[in-house]
$ cat final.csv   # CSV, C-alpha atoms and all ligand atoms
chain,number,residue,atom,x,y,z
A,1418,MET,CA,9.1,-25.1,12.8
A,1419,THR,CA,7.7,-22.2,10.6
A,1420,LYS,CA,9.9,-19.2,10.5
A,1421,PRO,CA,8.2,-16.1,12.0
A,1422,LYS,CA,7.1,-13.5,9.6
A,1423,ALA,CA,8.8,-10.1,9.7
A,1424,GLU,CA,6.4,-7.6,11.2
A,1425,GLY,CA,8.4,-4.4,10.8
A,1426,SER,CA,7.9,-1.2,8.8
A,1427,ALA,CA,10.3,0.5,6.4
A,1428,ALA,CA,10.1,3.5,8.7
A,1429,ASP,CA,12.2,1.5,11.2
A,1430,PHE,CA,15.1,1.7,8.7
A,1431,PHE,CA,14.8,5.4,7.9
A,1432,PRO,CA,18.1,7.4,7.9
A,1433,GLU,CA,18.7,10.5,9.9
A,1434,ARG,CA,19.5,12.6,6.8
A,1435,LYS,CA,16.3,13.2,4.9
A,1436,THR,CA,17.7,13.1,1.4
A,1437,LEU,CA,17.0,10.8,-1.5
A,1438,PRO,CA,20.5,9.3,-1.6
A,1439,ALA,CA,20.3,8.7,2.2
A,1440,PHE,CA,16.9,7.0,1.8
A,1441,ARG,CA,18.2,4.9,-1.1
A,1442,ASN,CA,21.2,3.7,0.9
A,1443,ALA,CA,19.0,3.0,3.9
A,1444,ALA,CA,16.5,1.0,1.8
A,1445,ALA,CA,19.3,-1.2,0.6
A,1446,ASP,CA,19.4,-2.7,4.1
A,1447,CYS,CA,15.6,-2.9,4.7
A,1448,LYS,CA,14.3,-6.1,6.2
A,1449,ALA,CA,10.9,-4.8,7.2
A,1450,CYS,CA,9.1,-7.7,5.4
A,1451,ASP,CA,10.2,-11.1,4.2
A,1452,LEU,CA,10.7,-10.0,0.6
A,1453,TRP,CA,14.3,-9.0,1.2
A,1454,GLU,CA,15.2,-12.7,1.3
A,1455,ARG,CA,13.7,-13.4,-2.1
A,1456,GLY,CA,14.9,-10.5,-4.1
A,1457,THR,CA,18.5,-9.9,-5.2
A,1458,GLN,CA,18.5,-6.3,-4.0
A,1459,THR,CA,16.3,-3.4,-3.1
A,1460,VAL,CA,15.1,-1.5,-6.1
A,1461,PHE,CA,14.6,2.1,-5.0
A,1462,GLY,CA,13.1,4.8,-7.2
A,1463,GLU,CA,15.2,6.8,-9.7
A,1464,GLY,CA,14.8,10.0,-11.6
A,1465,ALA,CA,14.8,13.8,-11.3
A,1466,ARG,CA,15.1,15.2,-7.8
A,1467,ARG,CA,12.4,17.8,-8.6
A,1468,ALA,CA,10.3,15.8,-11.0
A,1469,GLU,CA,6.9,17.2,-11.7
A,1470,VAL,CA,5.5,13.7,-12.3
A,1471,VAL,CA,6.2,10.6,-10.4
A,1472,PHE,CA,5.2,7.2,-11.9
A,1473,VAL,CA,4.5,4.5,-9.3
A,1474,GLY,CA,4.3,0.8,-10.3
A,1475,GLU,CA,3.7,-2.3,-8.3
A,1476,GLN,CA,7.1,-3.8,-7.7
A,1477,PRO,CA,10.4,-4.5,-9.6
A,1478,GLY,CA,10.4,-7.3,-12.1
A,1479,ASN,CA,13.1,-9.7,-13.1
A,1480,GLU,CA,15.4,-7.3,-14.9
A,1481,GLU,CA,14.9,-4.6,-12.3
A,1482,ASP,CA,15.8,-7.1,-9.6
A,1483,LEU,CA,19.0,-8.0,-11.3
A,1484,THR,CA,20.1,-4.5,-12.2
A,1485,GLY,CA,18.8,-2.7,-9.1
A,1486,LYS,CA,17.0,-0.1,-11.3
A,1487,PRO,CA,13.3,0.5,-11.7
A,1488,PHE,CA,11.4,0.2,-15.0
A,1489,VAL,CA,14.3,-1.1,-17.1
A,1490,GLY,CA,12.5,-4.3,-18.3
A,1491,PRO,CA,10.0,-4.6,-21.2
A,1492,ALA,CA,7.3,-2.7,-19.4
A,1493,GLY,CA,9.8,0.1,-18.5
A,1494,ARG,CA,11.0,0.3,-22.1
A,1495,LEU,CA,7.4,0.6,-23.2
A,1496,LEU,CA,6.8,3.4,-20.7
A,1497,GLY,CA,9.9,5.1,-21.9
A,1498,GLU,CA,8.8,4.9,-25.6
A,1499,ALA,CA,5.4,6.3,-24.6
A,1500,LEU,CA,6.9,9.2,-22.8
A,1501,ALA,CA,9.2,9.9,-25.7
A,1502,GLU,CA,6.4,10.0,-28.1
A,1503,ALA,CA,4.5,12.3,-25.8
A,1504,GLY,CA,7.4,14.6,-25.8
A,1505,ILE,CA,8.3,13.9,-22.1
A,1506,ASP,CA,11.9,13.4,-21.2
A,1507,ARG,CA,11.9,10.3,-18.9
A,1508,ALA,CA,15.0,11.7,-17.2
A,1509,GLN,CA,12.8,14.6,-16.0
A,1510,THR,CA,10.4,12.2,-14.3
A,1511,TYR,CA,10.8,10.0,-11.3
A,1512,VAL,CA,9.9,6.3,-11.4
A,1513,THR,CA,9.4,4.0,-8.5
A,1514,ASN,CA,7.3,1.2,-7.1
A,1515,VAL,CA,5.0,0.6,-4.2
A,1516,VAL,CA,7.1,-2.4,-3.1
A,1517,LYS,CA,10.9,-2.3,-3.5
A,1518,HIS,CA,11.8,-6.0,-3.7
A,1519,PHE,CA,10.9,-8.4,-6.4
A,1520,LYS,CA,8.4,-11.0,-5.3
A,1521,TRP,CA,8.5,-14.1,-7.4
A,1522,GLU,CA,7.9,-17.8,-7.4
A,1523,PRO,CA,9.8,-20.4,-9.4
A,1524,ARG,CA,8.4,-21.9,-12.5
A,1525,GLY,CA,10.9,-24.2,-14.0
A,1526,LYS,CA,14.0,-22.1,-14.4
A,1527,ARG,CA,12.0,-18.9,-14.6
A,1528,ARG,CA,11.1,-16.5,-11.8
A,1529,ILE,CA,7.5,-15.6,-12.2
A,1530,HIS,CA,6.1,-12.3,-10.7
A,1531,LYS,CA,3.9,-12.8,-7.7
A,1532,LYS,CA,1.6,-10.0,-6.5
A,1533,PRO,CA,2.7,-8.5,-3.2
A,1534,ASN,CA,0.2,-8.9,-0.3
A,1535,ALA,CA,-1.3,-6.2,1.9
A,1536,ARG,CA,1.3,-6.8,4.7
A,1537,GLU,CA,4.2,-6.3,2.3
A,1538,ILE,CA,2.7,-3.2,0.7
A,1539,THR,CA,2.0,-1.7,4.2
A,1540,ALA,CA,5.5,-2.5,5.4
A,1541,CYS,CA,7.1,-0.9,2.3
A,1542,ARG,CA,4.9,2.1,1.9
A,1543,PRO,CA,7.0,4.5,4.1
A,1544,TRP,CA,9.8,4.3,1.4
A,1545,LEU,CA,7.3,5.5,-1.2
A,1546,GLU,CA,5.9,8.2,1.0
A,1547,ALA,CA,9.4,9.5,1.7
A,1548,GLU,CA,10.3,9.6,-2.0
A,1549,ILE,CA,7.1,11.5,-2.8
A,1550,ALA,CA,7.7,13.9,0.1
A,1551,LEU,CA,11.2,14.7,-1.1
A,1552,VAL,CA,10.5,14.9,-4.8
A,1553,LYS,CA,7.3,16.9,-4.3
A,1554,PRO,CA,5.7,16.1,-7.7
A,1555,LYS,CA,2.7,18.0,-9.1
A,1556,VAL,CA,1.1,14.7,-10.2
A,1557,ILE,CA,1.5,11.1,-9.3
A,1558,VAL,CA,0.6,8.6,-11.9
A,1559,CYS,CA,-0.3,5.1,-10.5
A,1560,LEU,CA,0.5,2.4,-13.0
A,1561,GLY,CA,-1.8,-0.5,-12.3
A,1562,ALA,CA,-4.2,-1.6,-9.6
A,1563,THR,CA,-1.7,-2.3,-6.9
A,1564,ALA,CA,-0.2,1.2,-7.0
A,1565,ALA,CA,-3.6,2.8,-7.4
A,1566,GLN,CA,-5.2,1.0,-4.5
A,1567,ALA,CA,-2.1,1.6,-2.3
A,1568,LEU,CA,-2.4,5.4,-2.9
A,1569,LEU,CA,-6.2,5.8,-3.6
A,1570,GLY,CA,-7.7,3.1,-1.4
A,1571,PRO,CA,-8.7,-0.5,-1.8
A,1572,LYS,CA,-12.0,0.4,-3.5
A,1573,PHE,CA,-10.4,2.2,-6.4
A,1574,ARG,CA,-11.0,0.5,-9.7
A,1575,VAL,CA,-8.5,1.3,-12.4
A,1576,SER,CA,-10.9,-0.2,-15.0
A,1577,LYS,CA,-13.6,2.4,-14.1
A,1578,GLN,CA,-11.7,5.3,-12.6
A,1579,ARG,CA,-8.5,5.5,-14.6
A,1580,GLY,CA,-7.9,9.0,-15.9
A,1581,GLU,CA,-9.7,10.7,-13.0
A,1582,PHE,CA,-7.6,13.4,-11.4
A,1583,ILE,CA,-7.9,13.0,-7.6
A,1584,GLU,CA,-6.7,15.6,-5.2
A,1585,SER,CA,-4.4,14.2,-2.5
A,1586,THR,CA,-2.3,15.1,0.5
A,1587,LEU,CA,0.6,13.3,-1.2
A,1588,ALA,CA,0.6,15.6,-4.3
A,1589,PRO,CA,-1.8,18.0,-5.9
A,1590,TYR,CA,-3.2,15.3,-8.1
A,1591,ILE,CA,-3.0,11.5,-8.3
A,1592,VAL,CA,-4.2,9.8,-11.5
A,1593,ALA,CA,-4.2,6.1,-12.2
A,1594,THR,CA,-3.9,4.1,-15.4
A,1595,VAL,CA,-3.0,0.6,-16.4
A,1596,HIS,CA,0.4,-0.8,-16.0
A,1597,PRO,CA,2.4,-1.0,-19.2
A,1598,SER,CA,2.9,-4.7,-18.6
A,1599,SER,CA,-0.8,-5.2,-19.2
A,1600,ILE,CA,-0.5,-3.7,-22.7
A,1601,LEU,CA,2.4,-6.1,-23.3
A,1602,ARG,CA,0.2,-9.0,-22.2
A,1603,ALA,CA,-2.8,-8.0,-24.2
A,1604,PRO,CA,-3.6,-10.5,-27.0
A,1605,ASP,CA,-2.5,-9.6,-30.5
A,1606,ASP,CA,-6.1,-9.1,-31.8
A,1607,GLU,CA,-6.8,-6.7,-28.9
A,1608,ASN,CA,-3.5,-4.8,-29.6
A,1609,SER,CA,-4.6,-4.6,-33.2
A,1610,SER,CA,-7.9,-3.0,-32.2
A,1611,HIS,CA,-6.1,-0.5,-30.0
A,1612,ARG,CA,-3.9,0.5,-32.9
A,1613,LYS,CA,-6.8,0.9,-35.2
A,1614,ALA,CA,-8.6,3.0,-32.5
A,1615,THR,CA,-5.4,5.0,-32.2
A,1616,VAL,CA,-5.6,6.0,-35.9
A,1617,HIS,CA,-9.2,6.8,-35.6
A,1618,ARG,CA,-8.6,9.0,-32.5
A,1619,ARG,CA,-5.8,10.8,-34.1
A,1620,SER,CA,-7.8,11.6,-37.2
A,1621,GLU,CA,-10.3,13.4,-35.1
A,1622,THR,CA,-8.1,15.4,-32.8
A,1623,ASP,CA,-5.6,18.2,-33.1
A,1624,CYS,CA,-3.3,16.7,-30.5
A,1625,ALA,CA,0.1,16.7,-32.0
A,1626,HIS,CA,1.2,13.6,-30.1
A,1627,SER,CA,1.1,10.1,-31.3
A,1628,PHE,CA,-1.1,7.8,-29.2
A,1629,LYS,CA,0.8,4.7,-30.1
A,1630,ASP,CA,1.5,2.7,-27.0
A,1631,GLN,CA,0.0,5.4,-24.8
A,1632,ILE,CA,-3.6,4.3,-25.3
A,1633,ILE,CA,-5.3,2.9,-22.4
A,1634,PRO,CA,-7.2,-0.3,-23.3
A,1635,GLN,CA,-10.6,-0.7,-22.1
A,1636,LYS,CA,-13.0,-2.9,-23.9
A,1637,ARG,CA,-16.5,-1.6,-23.1
A,1638,PHE,CA,-19.4,-1.7,-25.4
A,1639,ASN,CA,-17.2,-1.8,-28.4
A,1640,THR,CA,-15.3,1.3,-27.4
A,1641,VAL,CA,-11.8,1.9,-26.4
A,1642,ARG,CA,-11.1,4.8,-24.1
A,1643,LEU,CA,-8.0,6.7,-25.1
A,1644,THR,CA,-5.8,9.1,-23.4
A,1645,CYS,CA,-2.3,10.4,-24.0
A,1646,ILE,CA,0.3,10.8,-21.3
A,1647,CYS,CA,0.8,14.4,-22.4
A,1648,GLU,CA,-2.8,15.0,-21.6
A,1649,SER,CA,-2.4,13.3,-18.2
A,1650,LEU,CA,-0.8,16.4,-16.8
A,1651,PRO,CA,-3.2,18.8,-15.2
A,1652,ARG,CA,-2.5,21.8,-17.4
A,1653,PRO,CA,-5.4,22.1,-18.2
A,1654,LEU,CA,-7.3,19.3,-16.6
A,1655,PRO,CA,-7.5,16.6,-19.2
A,1656,GLU,CA,-10.4,15.7,-21.3
A,1657,PHE,CA,-11.0,12.0,-22.1
A,1658,ALA,CA,-12.7,10.6,-25.1
A,1659,ASP,CA,-14.1,7.3,-26.0
A,1660,ALA,CA,-13.4,6.4,-29.6
A,1661,GLN,CA,-15.3,3.9,-31.6
A,1662,VAL,CA,-13.1,1.0,-32.6
A,1663,VAL,CA,-12.7,1.1,-36.4
A,1701,LIG,S1,9.8,-5.1,0.1
A,1701,LIG,FE1,10.0,-3.1,1.1
A,1701,LIG,S2,9.6,-3.4,3.3
A,1701,LIG,FE2,10.0,-5.4,2.4
A,1701,LIG,S3,12.1,-5.7,2.8
A,1701,LIG,FE3,12.0,-4.8,0.7
A,1701,LIG,S4,12.3,-2.7,1.0
A,1701,LIG,FE4,11.8,-3.5,3.0
$ encode --input "final.csv" --output "structure tokens" --more "lines below"
Ligand code: SF4
Amino acid sequence: MTKPKAEGSAADFFPERKTLPAFRNAAADCKACDLWERGTQTVFGEGARRAEVVFVGEQPGNEEDLTGKPFVGPAGRLLGEALAEAGIDRAQTYVTNVVKHFKWEPRGKRRIHKKPNAREITACRPWLEAEIALVKPKVIVCLGATAAQALLGPKFRVSKQRGEFIESTLAPYIVATVHPSSILRAPDDENSSHRKATVHRRSETDCAHSFKDQIIPQKRFNTVRLTCICESLPRPLPEFADAQVV
């Protein structure tokens, strides 16, 4: 007989005390969807209690699942490098995911990431909303389509709308960009084009920051759209530029 699917909501597991530590502890026991059985542990968000910027990814990966900490795997390290180059102290930000358990499927001895479905995203969303409500960021940066569509609606297209600052009830602004894992997955020749474009962009701008690893790849009519995380903060509202690949 097929096991019945969990139909709960993370809200069913909310603590009485509305503090981040209380929510983190409560989330550790969440069984609102079936993913708790697959992951090693709940991976709740981490970072500054009053962070101005909250980064939201899709779900924890293999290393995050094993350590219980968000964004500590290869993609998280790339994010950290990008923030450092932009002059942003990662410790002053807050990083989390739409879904708090690692969803994976076996491939040989490896655990391969599997995209969470709508049911799992809906069940887990109250944890994310609680984190945002407590941190009160000025801007939420969605990393990847899953996070963007969870917070900006299913019609949102990161490929077309990334970099747009959208007013929201969750925070003054939400902006979406690609997930750092997509940069890691990009073919070498594409990465090479991005780095060439980076040099080109830097030569034509007075931005003091390096764009290395912060560029947002978008192949479109032989151009690559570039932005810099430092420019992603709405002070002033950012300008985006398309640079010719050189
Ligand atoms: S993925 Fe989210 S809703 Fe599902 S069990 Fe884990 S914490 Fe709860």
$ residues_near_ligand --input "final.csv" --ligand "ligand LIG 1701 (chain A)" --cutoff "10 Å" --atoms "only C-alpha atoms and all ligand atoms" --output "PyMOL selection string"
chain A and resi 1423-1430+1441+1443-1456+1458-1461+1476-1477+1514-1520+1533+1536-1545
$ closest_residue --input "final.csv" --among "A:Ala1588, A:Cys1559, A:Val1512, A:Ala1492" --to "Asn1479 of chain A" --atoms "all atoms listed in the file"
A:Ala1492
$ closest_residue --input "final.csv" --among "A:Ser1585, A:Ala1564, A:Val1556, A:Gly1478" --to "Pro1491 of chain A" --atoms "all atoms listed in the file"
A:Gly1478
$ closest_residue --input "final.csv" --among "A:Arg1494, A:Lys1435, A:Arg1507, A:Arg1466" --to "Pro1597 of chain A" --atoms "only C-alpha atoms"
A:Arg1494
$ residues_around --input "final.csv" --residues "Ala1508 of chain A" --least-positions-apart "6" --cutoff "10 Å" --atoms "only C-alpha atoms" --output "ChimeraX atom specification"
/A:1463-1465,1468,1497
$ closest_residue --input "final.csv" --among "A:Leu1500, A:Gly1561, A:Ile1583, A:His1530" --to "Glu1480 of chain A" --atoms "all atoms listed in the file"
A:His1530
$ closest_residue --input "final.csv" --among "A:Ala1565, A:Leu1560, A:Ala1439, A:Leu1495" --to "His1596 of chain A" --atoms "all atoms listed in the file"
A:Leu1560
$ residues_around --input "final.csv" --residues "Gly1580 of chain A" --least-positions-apart "4" --cutoff "7 Å" --atoms "all atoms listed in the file" --output "compact mmCIF listing (two decimals) with C-alpha atoms, in the frame of the given file"
# COMPACT_ATOMS: atom_id res chain seq x y z
CA VAL A 1592 -4.20 9.80 -11.50
CA ALA A 1593 -4.20 6.10 -12.20
CA THR A 1594 -3.90 4.10 -15.40
$ atom_distance --input "final.csv" --atom1 "atom CA of Asn1442 of chain A" --atom2 "atom CA of Gly1570 of chain A"
29.0 Å
$ closest_residue --input "final.csv" --among "A:Tyr1590, A:Phe1472, A:Phe1440, A:Phe1582" --to "Thr1510 of chain A" --atoms "all atoms listed in the file"
A:Phe1472
$ atom_distance --input "final.csv" --atom1 "atom CA of Lys1486 of chain A" --atom2 "atom CA of Pro1438 of chain A"
14.0 Å
$ atom_distance --input "final.csv" --atom1 "atom CA of Val1575 of chain A" --atom2 "atom CA of Ala1562 of chain A"
5.9 Å
$ residues_near_point --input "final.csv" --point "(9.4, 15.0, -2.4)" --cutoff "10 Å" --atoms "all atoms listed in the file" --output "list in words"
Thr1436, Leu1437, Arg1466, Arg1467, Ala1468, Glu1469, Val1471, Leu1545, Glu1546, Ala1547, Glu1548, Ile1549, Ala1550, Leu1551, Val1552, Lys1553, Pro1554, Lys1555, Leu1587 and Ala1588 of chain A
